[in-house]
Amino acid sequence: MFRQQTVSPVLPWMLRLFLSFVTFFYSASVRLNGTVNRSLVNTFEYFLKRPQNPEPVHGVKTLDILIDSTRELWFRLFIPTELPSADGGTNKLPVILFFHGGALTFLSPDLIIYDAVCRRFAHKVPAIVVSVNYRLTPEHRFPSQYDDGFDTLKFLDENNCSGLPSNADLSCCFLAGDSAGGNIAHHVAVRWASKVDEFQQVKVIGLVAIQPFFGGEERTKSEIRLHGAPVIPSVKHCDRHWKMFVPEGSDRDHEAVNVFGPNSKTDISRLKEFPSTLVFIGGFDPLQDWQRRYYEGLMSSGKQAYLVEYHNVIHAFYVIPDFPESYLLISEVKRFIWNQISSNNTSQIYVKETQKNY
């Protein structure tokens, strides 16, 4: 007898109920005319925010730093405070520039889920984490989000590490993001690699793309097969957010969406400084075919890329502690970061206890 393949893993009913509510709320906040009920969203998210805390919590303290008030560009800084002493000098730590998810339309660094995620990265890697509050669509379309990410890199480079602790090593910088944030991280990496001569301190040596938000006009097998998967309930919702983001008159083969598609204007193979990339894929993520094509596109362009696939997880699984893979992901990111540091040999003194965990 033919057995239909499941499109969703077995989830606790409370988690499934919560995911359904969150998906319904954010979907309902998008009006038919392509605008967002921002007042409703802000009211809902207000109760989910966590303020900055200069006092260490679980070995990490946080500080919000403003870059440009006219566009509300700021970042939350995560500083680990419990580090083993290094022989002969100060512990030097890599800097992770992190971009949150939310379909380019929702969420922010001070929400509980992303405060917790970045806190774990800072503590477990360990690293200095810069979580960027970029502008959102549809109020701010392409390329506003990429501008904000690149300008944050420039701010770190030009302001003599303003606000960063003295042990932050900008010569060991990583770009990271989940979902929409993974898309932003890629495009910021392209800009940095294209304008590397403009930077004096920042050197991007790695890119972490966690279930990155890519797409195209084509309907892939995973989009069809996983049409009703949790978190991203349908291709229709993805299409709606892409339409709110790309320039008027563009389709989903725009270079921002389909980075190796027919309208791509950047030949990544020519970017000598494009960083090594770690790509995460989930087996119940409708976007997985596009994410796999991204990895394959990097490899075809002669870039160093690594692929990690967790077969039994949904989109955005790593912010959900119910999934044991969320902890495995942190370990994989840690291994990737310190291996990149070791291979680049860009800094003399690092936390030796961390290196032992390879």
# chains A, B, ... in the order shown; residues from 1 in each chain; ligands from 1
>>> closest_atom_pairs(of="stretch 132-204 of chain A", to="stretch 301-325 of chain A", cutoff="12 Å", atoms="only C-alpha atoms", output="JSON lines")
{"residue": "A:Gly177", "atom": "CA", "partner": "A:Ala316", "partner_atom": "CA", "distance": 11.1}
{"residue": "A:Asp178", "atom": "CA", "partner": "A:Ala316", "partner_atom": "CA", "distance": 7.5}
{"residue": "A:Ser179", "atom": "CA", "partner": "A:Ala316", "partner_atom": "CA", "distance": 7.4}
{"residue": "A:Ala180", "atom": "CA", "partner": "A:Ala316", "partner_atom": "CA", "distance": 10.7}
{"residue": "A:Gly181", "atom": "CA", "partner": "A:Ala316", "partner_atom": "CA", "distance": 11.4}
{"residue": "A:Gly182", "atom": "CA", "partner": "A:Ala316", "partner_atom": "CA", "distance": 11.6}
>>> write_last_selection(atoms="C-alpha atoms", output="PDB file, in the first residue's frame")
ATOM      1  CA  GLY A 177      22.079  34.854  10.445  1.00  0.00           C
ATOM      2  CA  ASP A 178      19.050  32.602  10.385  1.00  0.00           C
ATOM      3  CA  SER A 179      16.382  32.591   7.682  1.00  0.00           C
ATOM      4  CA  ALA A 180      16.108  36.194   6.409  1.00  0.00           C
ATOM      5  CA  GLY A 181      19.195  36.957   8.459  1.00  0.00           C
ATOM      6  CA  GLY A 182      21.097  34.307   6.517  1.00  0.00           C
TER       7      GLY A 182
END
>>> residues_around(residues="stretch 130-134 of chain A", least_positions_apart="2", cutoff="10 Å", atoms="only C-alpha atoms", output="MDAnalysis selection string")
chainID A and resid 62:67 71:79 95:100 104 107:110 114:115 118 122 127:128 136:137 140 144:149 152:153 156 164 175:177 181 184
>>> residues_around(residues="A:Lys203", least_positions_apart="2", cutoff="7 Å", atoms="only C-alpha atoms", output="list in words")
Leu170, Ser171, Cys172, Cys173, Gln201 and Ile205 of chain A
>>> select_by_dssp(residues="stretch 79-152 of chain A", states="strand (DSSP E)", output="VMD selection string")
chain A and resid 79 to 80 93 to 99 128 to 133
>>> atom_distance(atom1="atom CA of A:Gly215", atom2="atom CA of A:Ala185")
15.5 Å
>>> closest_residue(among="A:Val235, A:Val57, A:Val117, A:Ala193", to="A:Asp285", atoms="only C-alpha atoms")
A:Val235
>>> closest_residue(among="A:Val259, A:Val60, A:Leu298, A:Leu111", to="A:Phe274", atoms="only C-alpha atoms")
A:Leu298
>>> atom_distance(atom1="atom CA of A:Asn339", atom2="atom CA of A:Gly206")
10.0 Å
>>> atom_distance(atom1="atom CA of A:Ser222", atom2="atom CA of A:Trp290")
8.9 Å
